Structures are given as C-alpha cells and as structure tokens.
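Colleague: Take this structure, written in structure tokens, and hold onto it; I'll ask about it next.
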Amino acid sequence: MPFTTVSHPRSGLRISRLGFGSAPLGDLYQRLDDETAVATVMAAVGAGISLIDTAPHYGNGLAEARIATALRRLDRDKVVLSTKVGRLMSPARGPVVSKRFVGGLPFRSEYDYSYDGVLRSLEHSMLRLGTDRIEIALIHDVDGWTHGAEAVDERFAEAMNGAYRALDRLRADGVLRAIGIGVNEAAMCARFARAGEFDAMLLAGRYTLLEQGALDDFLPLAADKGIAVLMGGVFNTGILATGPVDGAMYNYVPALPEVRERARRIEAVCRAHGIPLAVASARFPLGHAAVASVVLGGVTPDEVARNVAAFDVPIPAALWSDLKAEGLLRLDAPAPA
C-alpha cells in the first residue's frame with residue numbers, strides 16, 4: 001500500500017492518510033454515469049483508502065446514493081464513512097437549479113441545524129447510503145463563505161444549541177464514533193474547537209501551497225486538543241492541480257493574475273526537483289501533526305489510481321526548503337517527512 005493509516009486515539013478509528021472525497025459524484029460541474037461513479041468508489045477502497053467523505057449536499061443526495069451501490073459490493077468493515085448534517089432534502093416541486101451540481105437527484109435542500117433536523121438528516125443519510133451506521137458526522141458549512149458574515153453568528157448558535165447537542169448525544173450512545181464540522185474557513189474551525197468537544201474537522205482550501213493561514217490559530221489548537229484534521233480542497237479548486245494555465249480556477253472563480261504568478265513560481269520550484277505540482281500540493285498538508293488525512297476527489301478509477309500513485313512518490317526535503325527560501329511557503333510550515 002502506498003500510504004499508511006493513522007489511528008485516532010479518541011474515536012479509535014483508523015483513517016487512511018489519503019481519503020476519498022465524493023463531491024464530484026454528485027455531478028459537480030459535469031454529469032457522470034452511475035457505473036463509472038460506483039467503480040470509482042470501489043477502486044478507492046480496493047486501493048486501500050478507508051475514509052470516504054460525502055454529504056447530502058453533493059448532488060442533493062446523489063453522491064450518497066452512488067456510494068450506497070458501491071457499499072453493497074464491498075466489505076463495509078473496511079470503510080470509515082463520513083457524512084454531514086445541516087441540510088435536509090425534500091422532493092422538488094419544479095426544476096432544481098444549482099451553480100455547481102449540474103445533475104443530481106430531484107430534491108431541494110433547506111438549511112436545518114436544529115436538534116431534530118440533525119437526527120432526521122442522519123436517518124435520511126443512512127437510508128440513502130444503505131448502511132446501518134455512519135462513523136463520522138460533520139456539521140456542514142457553518143461559515144461566512146456559505147451564509148454571509150452577517151448571518152454566521154446566528155448559524156453558529158443554531159449549530160451549537162442544536163446540531164452539536166444531537167451529535168454529542170449520539171456519540172455518547174455509541175451511534176457515532178466521531179463528530180465534527182466541515183467548513184471552508186479556519187477561523188470557524190477554531191471557534192467550534194473552543195466551543196465544544198470535537199473529534200474531527202474537515203477544512204477545505206485553507207492549508208495549501210498557496211495558503212497557510214490555518215497555521216495562525218486553528219492547526220496548533222487542533223494538535224493541542226487532539227482533533228483529527230481532514231484536509232480538503234488542497235488544489236484550491238483547480239490551480240494547484242492544473243497549474244497556472246489560462247482559465248485556471250482558484251476558490252471557485254478564475255484565478256487573478258497575481259495568484260497565477262505565485263502558482264507559476266511554486267510550480268517552477270517543484271519542476272526543478274522533478275515533482276509535479278499536483279503531487280507536491282497533495283502531500284504538503286500531511287506535514288502538520290494535526291492533519292490525519294488529505295481528502296481528494298475523483299470521477300474515474302484512473303483518477304483514483306493517479307491520486308494513490310502520488311503518495312508513492314518520494315519528495316526531496318530540498319523542495320520544501322527551496323519554497324521557503326523563495327518566500328513561497330511560510331517558514332513555520334512543517335515539511336512532510
């Protein structure tokens with residue numbers, strides 16, 4: 001196996017250092033056929049990936065439904081399943097329009113961070129996933145990125161007074177092995193970490209070769225509190241995978257010239273060491289002790305194989321030191337072993 005697993009002491013879960021992110025299986029930006037999507041999940045588990053992360057939001061339940069088909073063909077005990085709460089699905093009355101999910105199931109989502117809403121959300125997810133258990137439940141998208149700065153305090157209070165209490169009870173009852181949050185902002189991770197007892201947090205896009213702001217507060221706090229950080233969005237939605245090509249995406253929008261120039265300089269250092277930019281980008285977050293897994297998406301078995309192969313590439317320590325010497329990586333960013 002080209003990558004190892006880590007054991008989370010609080011939950012006892014063994015999590016692969018490479019996780020599988022299922023957002024693309026919800027027809028993110030393009031429609032997928034079911035058989036390819038299912039084969040992709042099976043390829044991930046077959047390659048030794050134990051962590052599968054999903055959410056009702058991904059295609060309004062489509063990603064969960066596709067994972068369910070794969071789970072029926074796999075050994076369920078080999079899978080650590082993570083899904084999210086905070087949105088409830090109901091049958092749509094009319095067409096469903098989404099900026100990112102171009103297909104999906106004919107359901108409409110509504111935010112609901114209440115105690116009862118979270119219990120219903122998990123029940124619905126287990127039905128869509130065709131499973132009798134979910135190992136990790138994450139409170140989804142309680143951040144300014146999603147709700148706007150003016151509404152985030154109210155959403156945070158709703159989540160702590162409702163969603164957190166529900167998940168905490170289910171954890172105490174042994175229904176869940178771990179609870180946490182999944183957001184796009186390091187500051188919200190730190191805020192939640194100080195407000196409750198969380199086991200895991202999925203942070204998207206805020207600790208990458210282009211951004212290391214999570215070092216200021218959240219990552220040291222997570223290490224101190226024993227929170228397993230699942231790092232998503234390591235390519236900043238595109239540019240660190242494609243390189244600074246015309247039309248390269250950064251945080252869901254076309255990258256500005258200054259971002260493309262910085263990515264170009266990072267890529268040049270990687271190339272000087274014979275390492276593809278995407279490989280260095282996938283491996284970089286694992287240098288921090290709090291990061292348990294890097295969660296990468298995929299839409300074909302070949303993409304999964306490429307992600308797995310990236311974890312078998314030896315990266316010279318000089319690559320990281322050269323990035324720091326060029327002012328392209330923070331000096332306090334721990335380098336992967």
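Letters A, B, ... mark the chains of the structure tokens in the order given; residue numbers begin at 1 per chain; ligand numbers begin at 1, in order shown.
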Among segment 39-280 of chain A, which residues carry a DSSP assignment of strand (DSSP E or B), reported as a short mmCIF file (atom, residue, chain, number, x, y, z; two decimals) with C-alpha atoms, in the first residue's frame?

Modeller:
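Contents of states20.cif, as written:
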```cif
data_model
loop_
_atom_site.label_atom_id
_atom_site.label_comp_id
_atom_site.auth_asym_id
_atom_site.auth_seq_id
_atom_site.Cartn_x
_atom_site.Cartn_y
_atom_site.Cartn_z
CA LEU A 51 -12.02 7.14 4.54
CA ILE A 52 -14.94 8.04 2.28
CA ASP A 53 -16.34 11.52 2.82
CA VAL A 80 -14.82 4.70 7.54
CA LEU A 81 -17.84 6.65 6.36
CA SER A 82 -18.10 10.39 6.95
CA THR A 83 -21.19 12.38 6.06
CA LYS A 84 -22.57 15.76 7.05
CA VAL A 85 -25.57 17.40 8.65
CA ARG A 87 -29.23 20.39 5.17
CA LEU A 88 -32.49 18.48 4.78
CA MET A 89 -33.70 17.20 1.41
CA SER A 90 -37.30 17.23 0.26
CA PRO A 91 -38.90 16.34 -3.10
CA PHE A 101 -24.10 20.47 -9.26
CA PHE A 107 -34.62 17.15 -4.28
CA ARG A 108 -34.46 20.62 -2.84
CA SER A 109 -32.30 21.37 0.18
CA GLU A 110 -33.03 23.55 3.18
CA TYR A 111 -30.61 24.52 5.93
CA ILE A 136 -18.16 10.33 11.41
CA ALA A 137 -20.80 13.09 11.29
CA LEU A 138 -19.75 16.65 10.47
CA ILE A 139 -21.79 19.84 10.83
CA HIS A 140 -21.66 21.29 7.33
CA ALA A 178 -16.65 10.79 15.92
CA ILE A 179 -18.27 14.19 15.43
CA GLY A 180 -17.00 17.43 13.96
CA ILE A 181 -17.54 20.13 11.38
CA GLY A 182 -16.83 20.61 7.68
CA VAL A 183 -16.24 24.20 6.55
CA ALA A 200 -12.55 15.65 13.63
CA MET A 201 -12.80 18.69 11.39
CA LEU A 202 -12.74 18.85 7.61
CA LEU A 203 -11.22 22.11 6.41
CA ALA A 204 -11.35 22.88 2.69
CA ALA A 228 -8.09 14.91 13.59
CA VAL A 229 -7.99 17.38 10.70
CA LEU A 230 -9.22 16.12 7.34
CA MET A 231 -7.81 18.45 4.72
CA GLY A 232 -9.88 19.03 1.60
CA MET A 249 -9.70 28.19 -11.09
CA TYR A 250 -8.90 29.45 -7.60
CA VAL A 253 -13.51 31.56 -9.66
CA PRO A 254 -10.88 32.24 -12.35
#
```

Colleague: Give me the residues within 8 Å of Ala214 of chain A as a ChimeraX atom specification, counting only C-alpha atoms and dropping any in the same chain fewer than 4 places off.

Modeller: /A:186-187,206-207,218-219

Colleague: For those residues, write C-alpha atoms to a file as an mmCIF file, in the first residue's frame.

Modeller:
```
data_model
loop_
_atom_site.group_PDB
_atom_site.id
_atom_site.type_symbol
_atom_site.label_atom_id
_atom_site.label_comp_id
_atom_site.auth_asym_id
_atom_site.auth_seq_id
_atom_site.Cartn_x
_atom_site.Cartn_y
_atom_site.Cartn_z
ATOM 1 C CA ALA A 186 -10.005 28.050 9.504
ATOM 2 C CA ALA A 187 -11.348 30.697 11.884
ATOM 3 C CA ARG A 206 -7.213 26.871 3.772
ATOM 4 C CA TYR A 207 -3.971 24.949 4.184
ATOM 5 C CA PHE A 218 -6.549 26.511 14.137
ATOM 6 C CA LEU A 219 -3.895 23.899 13.392
#
```

Colleague: Under the rule that only C-alpha atoms are counted, which of A:Tyr252, A:Phe20, A:Tyr29, A:Trp320 is the nearest residue to Trp145 of chain A?

Modeller: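 Among the listed residues, the smallest separation from Trp145 of chain A belongs to A:Tyr252.
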
Colleague: Which one of A:Arg264, A:Arg73, A:His124, A:Arg14 sits closest to Val41 of chain A if you count only C-alpha atoms?

Modeller: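 Between A:Arg264, A:Arg73, A:His124, A:Arg14, the residue approaching Val41 of chain A most closely is A:Arg73.
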
Colleague: May I have the residues within 9 Å of Pro285 of chain A as a list in words, using only C-alpha atoms and disregarding those fewer than 4 positions away in the same chain?

Modeller: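 Selected residues are Tyr207, Thr208, Leu209, Met231, Val234, Ser281, Val291, Ser293, Val294, Pro334, Ala335 and Pro336 of chain A.
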
Colleague: If you keep N, CA, C and O atoms, can you produce a file of those selected residues as a compact mmCIF listing (two decimals), in the first residue's frame?

Modeller:
```txt
# COMPACT_ATOMS: atom_id res chain seq x y z
N TYR A 207 -5.35 25.31 3.86
CA TYR A 207 -3.97 24.95 4.18
C TYR A 207 -3.39 24.24 2.96
O TYR A 207 -3.48 23.03 2.82
N THR A 208 -2.84 25.03 2.07
CA THR A 208 -2.36 24.56 0.78
C THR A 208 -1.03 25.23 0.47
O THR A 208 -0.55 26.08 1.22
N LEU A 209 -0.45 24.88 -0.66
CA LEU A 209 0.78 25.55 -1.08
C LEU A 209 0.56 27.03 -1.39
O LEU A 209 1.51 27.80 -1.43
N MET A 231 -8.09 17.28 5.55
CA MET A 231 -7.81 18.45 4.72
C MET A 231 -8.34 18.25 3.31
O MET A 231 -7.91 17.36 2.58
N VAL A 234 -7.21 20.78 -1.41
CA VAL A 234 -5.76 21.05 -1.40
C VAL A 234 -5.27 21.64 -2.72
O VAL A 234 -4.14 22.13 -2.79
N SER A 281 1.32 19.39 -3.98
CA SER A 281 0.14 20.01 -3.36
C SER A 281 -0.63 18.99 -2.52
O SER A 281 -1.15 19.33 -1.45
N VAL A 291 -2.93 17.05 10.93
CA VAL A 291 -3.60 16.60 9.71
C VAL A 291 -3.54 15.08 9.63
O VAL A 291 -2.47 14.49 9.49
N SER A 293 -5.57 13.22 7.40
CA SER A 293 -5.83 12.71 6.05
C SER A 293 -6.03 13.87 5.08
O SER A 293 -6.56 14.93 5.45
N VAL A 294 -5.58 13.66 3.84
CA VAL A 294 -5.88 14.56 2.74
C VAL A 294 -7.00 13.92 1.92
O VAL A 294 -6.87 12.76 1.49
N PRO A 334 5.41 23.12 8.71
CA PRO A 334 6.17 21.88 8.85
C PRO A 334 6.19 21.10 7.54
O PRO A 334 5.16 20.97 6.87
N ALA A 335 7.35 20.62 7.17
CA ALA A 335 7.51 19.87 5.91
C ALA A 335 7.13 18.42 6.12
O ALA A 335 7.41 17.84 7.18
N PRO A 336 6.49 17.79 5.13
CA PRO A 336 6.20 16.36 5.24
C PRO A 336 7.49 15.55 5.35
O PRO A 336 8.50 15.89 4.74
```
